[in-house]
>>> print(open('my_file11.csv').read())   # CSV, C-alpha atoms and all ligand atoms
chain,number,residue,atom,x,y,z
A,1,MET,CA,0.0,0.0,0.0
A,2,ALA,CA,2.9,2.4,0.6
A,3,GLY,CA,3.8,2.3,-3.1
A,4,PHE,CA,0.2,3.0,-3.8
A,5,PHE,CA,0.1,6.1,-1.7
A,6,THR,CA,3.3,7.4,-3.2
A,7,ARG,CA,1.8,7.0,-6.6
A,8,ALA,CA,-1.3,8.9,-5.7
A,9,TRP,CA,0.8,11.6,-4.0
A,10,ARG,CA,2.9,12.2,-7.2
A,11,VAL,CA,0.0,12.9,-9.5
A,12,ALA,CA,0.1,16.5,-10.8
A,13,VAL,CA,-3.2,17.6,-9.2
A,14,PRO,CA,-4.2,20.0,-6.5
A,15,GLU,CA,-3.8,18.9,-2.9
A,16,ARG,CA,-7.5,18.5,-2.3
A,17,VAL,CA,-7.7,16.1,-5.1
A,18,ARG,CA,-4.9,14.0,-3.7
A,19,VAL,CA,-6.6,13.9,-0.3
A,20,PHE,CA,-9.7,12.7,-2.1
A,21,LEU,CA,-7.7,10.0,-4.0
A,22,TRP,CA,-6.4,8.9,-0.6
A,23,LEU,CA,-10.0,8.5,0.6
A,24,VAL,CA,-10.8,6.5,-2.5
A,25,ILE,CA,-7.8,4.2,-2.1
A,26,ASN,CA,-8.9,3.6,1.5
A,27,GLN,CA,-12.4,3.0,0.2
A,28,ALA,CA,-13.7,5.5,2.6
A,29,LEU,CA,-16.4,7.2,0.5
A,30,MET,CA,-19.9,7.2,1.8
A,31,THR,CA,-21.7,5.5,-1.1
A,32,ASN,CA,-25.2,4.3,-0.9
A,33,ALA,CA,-23.9,0.7,-0.8
A,34,GLU,CA,-22.0,1.7,2.3
A,35,ARG,CA,-24.9,3.6,3.8
A,36,HIS,CA,-27.2,0.6,3.2
A,37,ARG,CA,-24.7,-1.8,4.8
A,38,ARG,CA,-24.7,0.5,7.9
A,39,HIS,CA,-28.5,0.7,7.9
A,40,LEU,CA,-28.4,4.4,7.2
A,41,SER,CA,-30.3,4.1,4.0
A,42,ASP,CA,-33.1,1.8,2.8
A,43,THR,CA,-31.6,1.5,-0.7
A,44,ASN,CA,-28.2,0.7,-2.1
A,45,LEU,CA,-29.1,1.9,-5.5
A,46,CYS,CA,-27.4,4.7,-7.4
A,47,GLN,CA,-29.6,7.7,-7.2
A,48,VAL,CA,-28.3,9.0,-10.5
A,49,CYS,CA,-29.1,6.1,-12.8
A,50,ARG,CA,-31.2,4.0,-10.4
A,51,SER,CA,-30.0,0.9,-12.2
A,52,GLY,CA,-27.0,-0.3,-10.2
A,53,GLU,CA,-25.7,-0.7,-6.7
A,54,GLU,CA,-23.9,2.5,-5.8
A,55,THR,CA,-20.4,1.2,-5.0
A,56,ILE,CA,-17.3,3.4,-5.4
A,57,ILE,CA,-16.4,2.0,-8.8
A,58,HIS,CA,-20.0,2.5,-9.9
A,59,ILE,CA,-19.9,6.2,-9.1
A,60,LEU,CA,-16.4,6.8,-10.5
A,61,ARG,CA,-16.5,4.6,-13.6
A,62,ASP,CA,-19.5,2.4,-14.3
A,63,CYS,CA,-22.5,4.7,-13.7
A,64,PRO,CA,-23.7,5.6,-17.2
A,65,ALA,CA,-23.2,9.3,-16.3
A,66,MET,CA,-19.4,8.6,-16.0
A,67,GLU,CA,-19.1,5.8,-18.5
A,68,GLY,CA,-20.1,8.1,-21.3
A,69,ILE,CA,-17.4,10.6,-20.4
A,70,TRP,CA,-14.7,7.9,-20.0
A,71,ARG,CA,-15.6,6.4,-23.4
A,72,ARG,CA,-14.7,9.7,-25.0
A,73,ILE,CA,-11.4,10.3,-23.1
A,74,VAL,CA,-9.9,6.9,-22.6
A,75,PRO,CA,-7.6,6.0,-25.6
A,76,ARG,CA,-9.3,3.3,-27.6
A,77,ARG,CA,-6.6,0.6,-27.1
A,78,LYS,CA,-6.8,1.0,-23.3
A,79,ARG,CA,-10.6,0.9,-23.0
A,80,ARG,CA,-11.0,-2.8,-22.4
A,81,GLU,CA,-8.5,-2.9,-19.6
A,82,PHE,CA,-9.9,0.3,-18.2
A,83,PHE,CA,-13.5,-0.9,-17.9
A,84,GLU,CA,-12.7,-4.3,-16.6
A,85,ALA,CA,-10.2,-3.6,-13.8
A,86,PRO,CA,-11.3,-3.9,-10.2
A,87,LEU,CA,-11.2,-0.6,-8.2
A,88,LEU,CA,-7.7,-0.8,-6.7
A,89,SER,CA,-5.9,-1.9,-9.8
A,90,TRP,CA,-7.9,0.6,-11.8
A,91,LEU,CA,-6.6,3.4,-9.6
A,92,TYR,CA,-3.1,2.0,-9.4
A,93,THR,CA,-2.7,1.6,-13.2
A,94,ASN,CA,-4.2,5.0,-14.1
A,95,LEU,CA,-2.6,7.1,-11.4
A,96,GLY,CA,0.8,5.7,-12.2
A,97,SER,CA,0.4,6.0,-16.0
A,98,GLU,CA,3.2,8.0,-17.6
A,99,LEU,CA,1.2,8.5,-20.8
A,100,ASP,CA,1.7,12.0,-22.0
A,101,LEU,CA,-1.1,13.6,-23.9
A,102,GLY,CA,0.7,16.7,-24.9
A,103,GLU,CA,-0.9,19.3,-22.7
A,104,TYR,CA,-1.2,17.0,-19.7
A,105,LYS,CA,-0.5,13.6,-18.5
A,106,TRP,CA,-3.1,10.9,-18.5
A,107,SER,CA,-2.8,10.5,-14.7
A,108,THR,CA,-3.7,14.2,-14.2
A,109,CYS,CA,-6.8,14.0,-16.5
A,110,PHE,CA,-7.8,10.7,-14.9
A,111,ALA,CA,-7.5,12.1,-11.3
A,112,MET,CA,-9.4,15.3,-12.2
A,113,ALA,CA,-12.2,13.2,-13.9
A,114,VAL,CA,-12.5,11.0,-10.9
A,115,TRP,CA,-12.7,14.0,-8.5
A,116,TRP,CA,-15.3,15.7,-10.7
A,117,GLY,CA,-17.2,12.5,-11.0
A,118,TRP,CA,-17.6,12.4,-7.3
A,119,LYS,CA,-18.5,16.1,-7.1
A,120,TRP,CA,-21.2,15.7,-9.8
A,121,ARG,CA,-22.6,12.7,-8.0
A,122,CYS,CA,-22.8,14.6,-4.7
A,123,ASP,CA,-24.4,17.6,-6.5
A,124,ASN,CA,-27.0,15.3,-8.0
A,125,VAL,CA,-27.7,13.6,-4.7
A,126,PHE,CA,-27.7,16.8,-2.6
A,127,GLY,CA,-29.6,18.9,-5.0
A,128,SER,CA,-27.4,21.7,-6.3
A,129,ASN,CA,-26.5,20.3,-9.7
A,130,ARG,CA,-24.9,23.0,-11.7
A,131,LYS,CA,-25.4,22.8,-15.4
A,132,CYS,CA,-22.3,21.7,-17.2
A,133,ARG,CA,-23.1,21.1,-20.9
A,134,ASP,CA,-20.1,19.4,-22.1
A,135,ARG,CA,-18.4,17.4,-19.3
A,136,VAL,CA,-15.8,15.9,-21.6
A,137,LYS,CA,-14.6,19.3,-22.7
A,138,PHE,CA,-14.8,20.4,-19.1
A,139,VAL,CA,-12.6,17.6,-17.8
A,140,LYS,CA,-10.0,18.1,-20.6
A,141,ASP,CA,-9.9,21.9,-20.0
A,142,ILE,CA,-9.5,21.4,-16.3
A,143,ALA,CA,-6.7,18.9,-16.8
A,144,LYS,CA,-4.9,21.4,-19.0
A,145,GLU,CA,-5.3,24.1,-16.5
A,146,VAL,CA,-4.1,22.0,-13.6
A,147,ALA,CA,-1.1,20.7,-15.6
A,148,SER,CA,0.1,24.1,-16.6
A,149,ALA,CA,-0.3,25.5,-13.0
A,150,TYR,CA,1.7,22.5,-11.8
A,151,THR,CA,4.5,23.0,-14.3
A,152,LYS,CA,4.8,26.6,-13.3
A,153,THR,CA,5.1,25.9,-9.6
A,154,THR,CA,7.6,23.0,-10.1
A,155,ASN,CA,9.7,25.1,-12.5
A,156,THR,CA,10.2,27.8,-9.9
A,157,GLY,CA,10.3,25.2,-7.1
A,158,GLY,CA,13.7,23.9,-8.3
A,159,MET,CA,15.3,27.1,-7.0
A,160,ALA,CA,13.3,27.7,-3.8
A,161,GLN,CA,13.0,31.4,-3.1
A,162,ARG,CA,12.2,32.6,0.3
A,163,VAL,CA,10.0,35.7,0.7
A,164,GLU,CA,8.5,37.3,3.7
A,165,ARG,CA,4.8,36.7,4.1
A,166,GLN,CA,2.3,37.9,6.6
A,167,ILE,CA,0.6,34.9,8.2
A,168,ALA,CA,-2.7,35.1,9.9
A,169,TRP,CA,-5.4,32.7,11.0
A,170,GLN,CA,-8.2,32.6,8.5
A,171,PRO,CA,-11.8,31.8,9.4
A,172,PRO,CA,-13.2,28.8,7.4
A,173,ILE,CA,-15.1,29.3,4.1
A,174,GLN,CA,-18.9,29.3,4.3
A,175,GLY,CA,-20.4,26.0,5.3
A,176,TRP,CA,-17.2,24.8,7.0
A,177,TRP,CA,-16.1,24.7,10.6
A,178,LYS,CA,-12.5,24.7,11.6
A,179,VAL,CA,-10.5,23.0,14.3
A,180,ASN,CA,-7.0,24.1,15.0
A,181,THR,CA,-5.0,21.7,17.1
A,182,ASP,CA,-1.5,21.5,18.5
A,183,GLY,CA,0.6,19.2,20.6
A,184,THR,CA,3.8,20.0,22.4
A,185,SER,CA,6.3,18.1,24.6
A,186,ARG,CA,9.1,19.3,26.8
A,187,GLY,CA,11.7,16.8,25.7
A,188,ASN,CA,11.1,14.1,23.2
A,189,PRO,CA,9.7,12.1,24.9
A,190,GLY,CA,8.9,14.4,27.9
A,191,LEU,CA,6.0,15.9,29.6
A,192,ALA,CA,3.5,16.5,26.9
A,193,THR,CA,0.2,18.3,26.3
A,194,ALA,CA,-2.2,19.1,23.5
A,195,GLY,CA,-4.8,21.7,22.8
A,196,GLY,CA,-7.3,22.7,20.3
A,197,VAL,CA,-10.1,25.1,19.4
A,198,LEU,CA,-13.3,24.6,17.3
A,199,ARG,CA,-14.7,27.6,15.5
A,200,ASP,CA,-17.8,27.9,13.4
A,201,GLU,CA,-18.2,29.3,9.9
A,202,GLN,CA,-18.2,32.8,11.2
A,203,GLY,CA,-14.9,32.1,13.0
A,204,SER,CA,-16.5,32.3,16.4
A,205,TRP,CA,-15.4,30.2,19.4
A,206,VAL,CA,-17.5,27.1,19.8
A,207,CYS,CA,-15.4,25.2,22.3
A,208,GLY,CA,-11.8,24.4,23.1
A,209,PHE,CA,-9.8,21.8,25.0
A,210,ALA,CA,-6.6,21.2,26.8
A,211,LEU,CA,-5.1,17.8,27.4
A,212,ASN,CA,-2.4,17.1,29.9
A,213,ILE,CA,-1.0,13.8,28.6
A,214,GLY,CA,1.9,13.0,30.9
A,215,ILE,CA,5.0,11.7,29.2
A,216,CYS,CA,5.0,11.0,25.5
A,217,SER,CA,6.7,12.0,22.2
A,218,ALA,CA,6.0,15.2,20.3
A,219,PRO,CA,4.3,13.6,17.3
A,220,LEU,CA,2.1,11.5,19.6
A,221,ALA,CA,1.0,14.6,21.5
A,222,GLU,CA,0.2,16.3,18.1
A,223,LEU,CA,-1.9,13.3,17.1
A,224,TRP,CA,-3.8,13.3,20.4
A,225,GLY,CA,-4.6,16.9,19.6
A,226,VAL,CA,-6.0,15.9,16.2
A,227,TYR,CA,-8.0,13.0,17.8
A,228,TYR,CA,-9.7,15.2,20.4
A,229,GLY,CA,-10.2,18.0,17.8
A,230,LEU,CA,-12.1,15.4,15.6
A,231,LEU,CA,-14.0,14.2,18.6
A,232,ILE,CA,-15.3,17.5,19.8
A,233,ALA,CA,-16.3,18.5,16.3
A,234,TRP,CA,-18.1,15.2,15.7
A,235,GLU,CA,-20.0,15.4,19.0
A,236,ARG,CA,-21.3,18.8,17.9
A,237,CYS,CA,-22.6,17.4,14.6
A,238,VAL,CA,-20.3,19.6,12.4
A,239,PRO,CA,-21.1,18.7,8.8
A,240,ARG,CA,-17.9,19.9,7.2
A,241,LEU,CA,-14.6,20.3,9.1
A,242,ILE,CA,-11.2,21.7,8.3
A,243,ILE,CA,-8.5,20.6,10.7
A,244,GLU,CA,-5.4,22.7,10.8
A,245,VAL,CA,-2.2,21.4,12.3
A,246,ASP,CA,1.3,23.0,12.2
A,247,SER,CA,3.2,19.7,12.2
A,248,GLU,CA,4.1,18.5,8.7
A,249,VAL,CA,4.8,15.0,10.0
A,250,VAL,CA,1.3,14.7,11.4
A,251,VAL,CA,-0.3,16.0,8.2
A,252,LYS,CA,1.7,13.5,6.2
A,253,ILE,CA,0.6,10.6,8.5
A,254,LEU,CA,-3.0,11.7,8.1
A,255,HIS,CA,-2.8,12.1,4.4
A,256,SER,CA,-0.8,9.1,3.3
A,257,GLY,CA,-1.3,6.7,6.1
A,258,ILE,CA,1.4,4.8,8.1
A,259,SER,CA,2.4,1.2,8.5
A,260,GLU,CA,0.5,-0.8,11.0
A,261,PHE,CA,3.8,-1.5,12.8
A,262,HIS,CA,4.5,2.2,13.3
A,263,PRO,CA,4.2,3.1,17.1
A,264,LEU,CA,1.6,5.8,16.2
A,265,SER,CA,-0.6,3.6,14.1
A,266,PHE,CA,-3.1,2.9,16.9
A,267,LEU,CA,-3.9,6.6,17.2
A,268,ALA,CA,-3.7,7.3,13.5
A,269,ARG,CA,-6.2,4.6,13.0
A,270,LEU,CA,-8.6,6.2,15.6
A,271,CYS,CA,-8.3,9.4,13.5
A,272,TYR,CA,-8.9,7.6,10.2
A,273,GLY,CA,-12.0,6.1,11.8
A,274,PHE,CA,-13.5,9.6,12.0
A,275,PHE,CA,-12.7,10.4,8.3
A,276,SER,CA,-14.9,7.6,7.1
A,277,ARG,CA,-17.9,8.8,9.0
A,278,ASP,CA,-20.8,10.7,7.4
A,279,TRP,CA,-19.2,14.1,7.2
A,280,LEU,CA,-16.5,15.9,5.2
A,281,VAL,CA,-13.1,16.4,6.8
A,282,ARG,CA,-10.1,18.1,5.3
A,283,ILE,CA,-6.7,18.2,6.9
A,284,ARG,CA,-4.4,21.1,6.2
A,285,HIS,CA,-1.0,22.1,7.3
A,286,THR,CA,-0.8,25.6,8.7
A,287,TYR,CA,2.1,27.7,10.0
A,288,ARG,CA,2.7,28.1,13.7
A,289,GLU,CA,2.0,31.8,13.3
A,290,ALA,CA,-1.6,30.9,12.4
A,291,ASN,CA,-2.0,28.3,15.0
A,292,ARG,CA,-1.3,30.3,18.1
A,293,VAL,CA,-4.6,29.7,19.9
A,294,ALA,CA,-4.2,25.9,19.8
A,295,ASP,CA,-0.5,26.4,20.9
A,296,GLY,CA,-1.7,28.6,23.8
A,297,LEU,CA,-4.2,25.9,24.9
A,298,ALA,CA,-1.5,23.2,24.8
A,299,ASN,CA,0.8,25.4,26.9
A,300,TYR,CA,-2.0,26.1,29.3
A,301,ALA,CA,-2.6,22.4,29.8
A,302,PHE,CA,0.8,22.1,31.6
A,303,SER,CA,-0.8,24.0,34.5
A,304,LEU,CA,-3.8,21.7,34.6
A,305,SER,CA,-4.4,18.3,36.1
A,306,LEU,CA,-3.7,15.2,34.0
A,307,GLY,CA,-6.4,14.4,31.5
A,308,PHE,CA,-8.9,16.2,29.2
A,309,HIS,CA,-10.4,19.6,29.9
A,310,LEU,CA,-13.2,21.0,27.8
A,311,PHE,CA,-13.9,24.7,27.7
A,312,ALA,CA,-17.2,26.1,26.6
A,313,PHE,CA,-15.7,29.6,27.0
A,314,SER,CA,-12.2,30.7,26.3
A,315,PRO,CA,-9.9,30.5,29.4
A,316,THR,CA,-8.6,34.0,30.3
A,317,GLU,CA,-5.0,32.7,29.7
A,318,ILE,CA,-5.6,32.6,25.9
A,319,LEU,CA,-7.9,35.6,25.4
A,320,VAL,CA,-5.1,37.7,24.0
A,321,LEU,CA,-4.2,35.1,21.4
A,322,LEU,CA,-7.9,34.6,20.5
A,323,SER,CA,-8.4,38.4,20.0
A,324,GLU,CA,-5.5,38.4,17.6
A,325,ASN,CA,-7.4,36.0,15.4
A,326,VAL,CA,-10.6,38.0,15.7
A,327,ASP,CA,-8.7,41.2,14.6
A,328,GLY,CA,-7.1,39.3,11.8
A,329,SER,CA,-3.6,40.4,13.0
A,330,SER,CA,-0.7,38.7,11.3
A,331,ARG,CA,2.9,37.8,11.9
A,332,ALA,CA,5.8,37.8,9.4
A,333,ARG,CA,7.3,34.6,8.3
A,334,PHE,CA,9.8,33.6,5.6
A,335,VAL,CA,8.2,31.0,3.3
A,336,ASN,CA,9.4,29.2,0.2
A,337,VAL,CA,7.7,30.2,-3.0
B,401,ZN,ZN,-25.5,5.1,-11.4
>>> encode(input="my_file11.csv", output="structure tokens", more="lines below")
Ligand SMILES: [Zn+2]
Amino acid sequence: MAGFFTRAWRVAVPERVRVFLWLVINQALMTNAERHRRHLSDTNLCQVCRSGEETIIHILRDCPAMEGIWRRIVPRRKRREFFEAPLLSWLYTNLGSELDLGEYKWSTCFAMAVWWGWKWRCDNVFGSNRKCRDRVKFVKDIAKEVASAYTKTTNTGGMAQRVERQIAWQPPIQGWWKVNTDGTSRGNPGLATAGGVLRDEQGSWVCGFALNIGICSAPLAELWGVYYGLLIAWERCVPRLIIEVDSEVVVKILHSGISEFHPLSFLARLCYGFFSRDWLVRIRHTYREANRVADGLANYAFSLSLGFHLFAFSPTEILVLLSENVDGSSRARFVNV
């Protein structure tokens, strides 16, 4: 599976599409087949064509809505293999394809079509289907656009340039809530804490937590932060959640998975368990400068008793940090461009 994730991670597509591919590889999409299995729905049928069981491969390839698009973009000599492969080998072959179609690689076009296939399906089911007359042209155009944006960034990325940027916490976009979490340890391993804050779509405080863990490693403390962040959001029935963490290691673990023998795998697995539930979760890396409230809560946890502390109102110790976010004040940081 490690090779699989590397393949998905190398495809020239936006980050959100890679995260989506990761969910597909983990077979963590909430299809009707899955809902039915969990007794959340009385039908397992596809609501678009109403003629087949809505499995992942049905939505992304076999539903007539997608099949028609694929027939027009998959090269003729590849069609048979394309339509016969089971889900995982279908993904593996197409995401790893080096086939160059001039303006973009096949893997980019494939991944964008898969992503849009899912979006179209969700729009159909959840009722805001935007008109898109020619989906084949749309997919090709978007693949071109993505490929050229990707080439631009990788061309300048060879010679990383550092520039000063003002970094500030940003409220989530409409319809989304945001959890910022952080973990810290004094020594690795050493006394460790975690903290986090859940804010609604207006950016207002919903609740926060501080966790005094005892002794553990820094990445473990970070992951505990993520776990409790997910938990408090899930308990409040948040429909769409962005999690921001300032540890790249943790973001990588959550995006690409870790081996079951990894010492953090038990906790990573608890976090993955949340991703496959009936809500949308996105994980993002943020800079420390934009994660100061979570950092403040983690530091505050050192002064508290061992265990989990939930705050319906912001503790006075972090009010200053919180008001910085409300004002939108920023801090300078040198970042690679
Ligand atoms: Zn269908």
>>> closest_residue(input="my_file11.csv", among="A:Val48, A:Val11, A:Val179, A:Leu21", to="ligand ZN 401 (chain B)", atoms="all atoms listed in the file")
A:Val48
>>> residues_around(input="my_file11.csv", residues="Glu54 of chain A", least_positions_apart="6", cutoff="7 Å", atoms="all atoms listed in the file", output="MDAnalysis selection string")
chainID A and resid 31:33 44:46
>>> residues_near_ligand(input="my_file11.csv", ligand="ligand ZN 401 (chain B)", cutoff="8 Å", atoms="all atoms listed in the file", output="count of residues only")
16
>>> residues_around(input="my_file11.csv", residues="Gly190 of chain A", least_positions_apart="3", cutoff="10 Å", atoms="all atoms listed in the file", output="PyMOL selection string")
chain A and resi 184-187+193+213-218
>>> write_last_selection(input="my_file11.csv", atoms="C-alpha atoms", output="compact mmCIF listing (two decimals), in the coordinates of the input")
# COMPACT_ATOMS: atom_id res chain seq x y z
CA THR A 184 3.80 20.00 22.40
CA SER A 185 6.30 18.10 24.60
CA ARG A 186 9.10 19.30 26.80
CA GLY A 187 11.70 16.80 25.70
CA THR A 193 0.20 18.30 26.30
CA ILE A 213 -1.00 13.80 28.60
CA GLY A 214 1.90 13.00 30.90
CA ILE A 215 5.00 11.70 29.20
CA CYS A 216 5.00 11.00 25.50
CA SER A 217 6.70 12.00 22.20
CA ALA A 218 6.00 15.20 20.30
>>> atom_distance(input="my_file11.csv", atom1="atom CA of Phe308 of chain A", atom2="atom CA of Asp278 of chain A")
25.4 Å
>>> closest_atom_pairs(input="my_file11.csv", of="segment 242-337 of chain A", to="segment 228-234 of chain A", cutoff="12 Å", atoms="only C-alpha atoms", output="tab-separated table")
residue	atom	partner	partner_atom	distance
A:Ile242	CA	A:Leu230	CA	9.7
A:Ile243	CA	A:Gly229	CA	7.7
A:Glu244	CA	A:Gly229	CA	9.7
A:Val245	CA	A:Gly229	CA	10.3
A:Leu267	CA	A:Tyr228	CA	10.9
A:Ala268	CA	A:Leu230	CA	11.9
A:Leu270	CA	A:Leu230	CA	9.8
A:Cys271	CA	A:Leu230	CA	7.4
A:Tyr272	CA	A:Leu230	CA	10.0
A:Gly273	CA	A:Leu230	CA	10.0
A:Phe274	CA	A:Leu230	CA	7.0
A:Phe275	CA	A:Leu230	CA	8.9
A:Ser276	CA	A:Leu230	CA	11.9
A:Arg277	CA	A:Trp234	CA	9.3
A:Asp278	CA	A:Trp234	CA	9.8
A:Trp279	CA	A:Trp234	CA	8.6
A:Leu280	CA	A:Trp234	CA	10.6
A:Val281	CA	A:Leu230	CA	8.9
A:Arg282	CA	A:Leu230	CA	10.8
A:Ile283	CA	A:Leu230	CA	10.6
A:Ala294	CA	A:Gly229	CA	10.1
A:Gly307	CA	A:Tyr228	CA	11.6
A:Phe308	CA	A:Tyr228	CA	8.9
A:His309	CA	A:Tyr228	CA	10.5
A:Leu310	CA	A:Ile232	CA	9.0
A:Phe311	CA	A:Ile232	CA	10.8
A:Ala312	CA	A:Ile232	CA	11.1
>>> closest_residue(input="my_file11.csv", among="A:Ala221, A:Leu264, A:Val163, A:Leu23", to="Val335 of chain A", atoms="only C-alpha atoms")
A:Val163
>>> atom_distance(input="my_file11.csv", atom1="atom CA of Arg333 of chain A", atom2="atom CA of Glu248 of chain A")
16.4 Å
>>> build_atoms(input="my_file11.csv", residues="segment 18-33 of chain A", atoms="N, CA and C atoms", output="PDB file, in the frame of the given file")
ATOM      1  N   ARG A  18      -5.701  15.135  -4.225  1.00  0.00           N
ATOM      2  CA  ARG A  18      -4.900  14.000  -3.700  1.00  0.00           C
ATOM      3  C   ARG A  18      -5.503  13.474  -2.411  1.00  0.00           C
ATOM      4  N   VAL A  19      -6.002  14.373  -1.570  1.00  0.00           N
ATOM      5  CA  VAL A  19      -6.600  13.900  -0.300  1.00  0.00           C
ATOM      6  C   VAL A  19      -7.859  13.040  -0.685  1.00  0.00           C
ATOM      7  N   PHE A  20      -8.585  13.482  -1.706  1.00  0.00           N
ATOM      8  CA  PHE A  20      -9.700  12.700  -2.100  1.00  0.00           C
ATOM      9  C   PHE A  20      -9.306  11.327  -2.647  1.00  0.00           C
ATOM     10  N   LEU A  21      -8.218  11.304  -3.454  1.00  0.00           N
ATOM     11  CA  LEU A  21      -7.700  10.000  -4.000  1.00  0.00           C
ATOM     12  C   LEU A  21      -7.355   9.092  -2.817  1.00  0.00           C
ATOM     13  N   TRP A  22      -6.792   9.702  -1.780  1.00  0.00           N
ATOM     14  CA  TRP A  22      -6.400   8.900  -0.600  1.00  0.00           C
ATOM     15  C   TRP A  22      -7.635   8.272   0.018  1.00  0.00           C
ATOM     16  N   LEU A  23      -8.720   9.023   0.080  1.00  0.00           N
ATOM     17  CA  LEU A  23     -10.000   8.500   0.600  1.00  0.00           C
ATOM     18  C   LEU A  23     -10.479   7.323  -0.275  1.00  0.00           C
ATOM     19  N   VAL A  24     -10.356   7.526  -1.598  1.00  0.00           N
ATOM     20  CA  VAL A  24     -10.800   6.500  -2.500  1.00  0.00           C
ATOM     21  C   VAL A  24     -10.013   5.221  -2.335  1.00  0.00           C
ATOM     22  N   ILE A  25      -8.683   5.388  -2.247  1.00  0.00           N
ATOM     23  CA  ILE A  25      -7.800   4.200  -2.100  1.00  0.00           C
ATOM     24  C   ILE A  25      -8.152   3.479  -0.782  1.00  0.00           C
ATOM     25  N   ASN A  26      -8.502   4.255   0.240  1.00  0.00           N
ATOM     26  CA  ASN A  26      -8.900   3.600   1.500  1.00  0.00           C
ATOM     27  C   ASN A  26     -10.356   3.155   1.491  1.00  0.00           C
ATOM     28  N   GLN A  27     -10.991   3.337   0.348  1.00  0.00           N
ATOM     29  CA  GLN A  27     -12.400   3.000   0.200  1.00  0.00           C
ATOM     30  C   GLN A  27     -13.262   3.557   1.270  1.00  0.00           C
ATOM     31  N   ALA A  28     -13.005   4.840   1.510  1.00  0.00           N
ATOM     32  CA  ALA A  28     -13.700   5.500   2.600  1.00  0.00           C
ATOM     33  C   ALA A  28     -14.749   6.509   2.124  1.00  0.00           C
ATOM     34  N   LEU A  29     -15.299   6.291   0.916  1.00  0.00           N
ATOM     35  CA  LEU A  29     -16.400   7.200   0.500  1.00  0.00           C
ATOM     36  C   LEU A  29     -17.708   6.669   0.940  1.00  0.00           C
ATOM     37  N   MET A  30     -18.575   7.617   1.318  1.00  0.00           N
ATOM     38  CA  MET A  30     -19.900   7.200   1.800  1.00  0.00           C
ATOM     39  C   MET A  30     -20.835   7.001   0.589  1.00  0.00           C
ATOM     40  N   THR A  31     -20.788   5.824   0.029  1.00  0.00           N
ATOM     41  CA  THR A  31     -21.700   5.500  -1.100  1.00  0.00           C
ATOM     42  C   THR A  31     -22.988   4.974  -0.539  1.00  0.00           C
ATOM     43  N   ASN A  32     -23.968   4.829  -1.406  1.00  0.00           N
ATOM     44  CA  ASN A  32     -25.200   4.300  -0.900  1.00  0.00           C
ATOM     45  C   ASN A  32     -25.075   2.796  -0.534  1.00  0.00           C
ATOM     46  N   ALA A  33     -24.153   2.078  -1.220  1.00  0.00           N
ATOM     47  CA  ALA A  33     -23.900   0.700  -0.800  1.00  0.00           C
ATOM     48  C   ALA A  33     -23.429   0.650   0.615  1.00  0.00           C
TER      49      ALA A  33
END
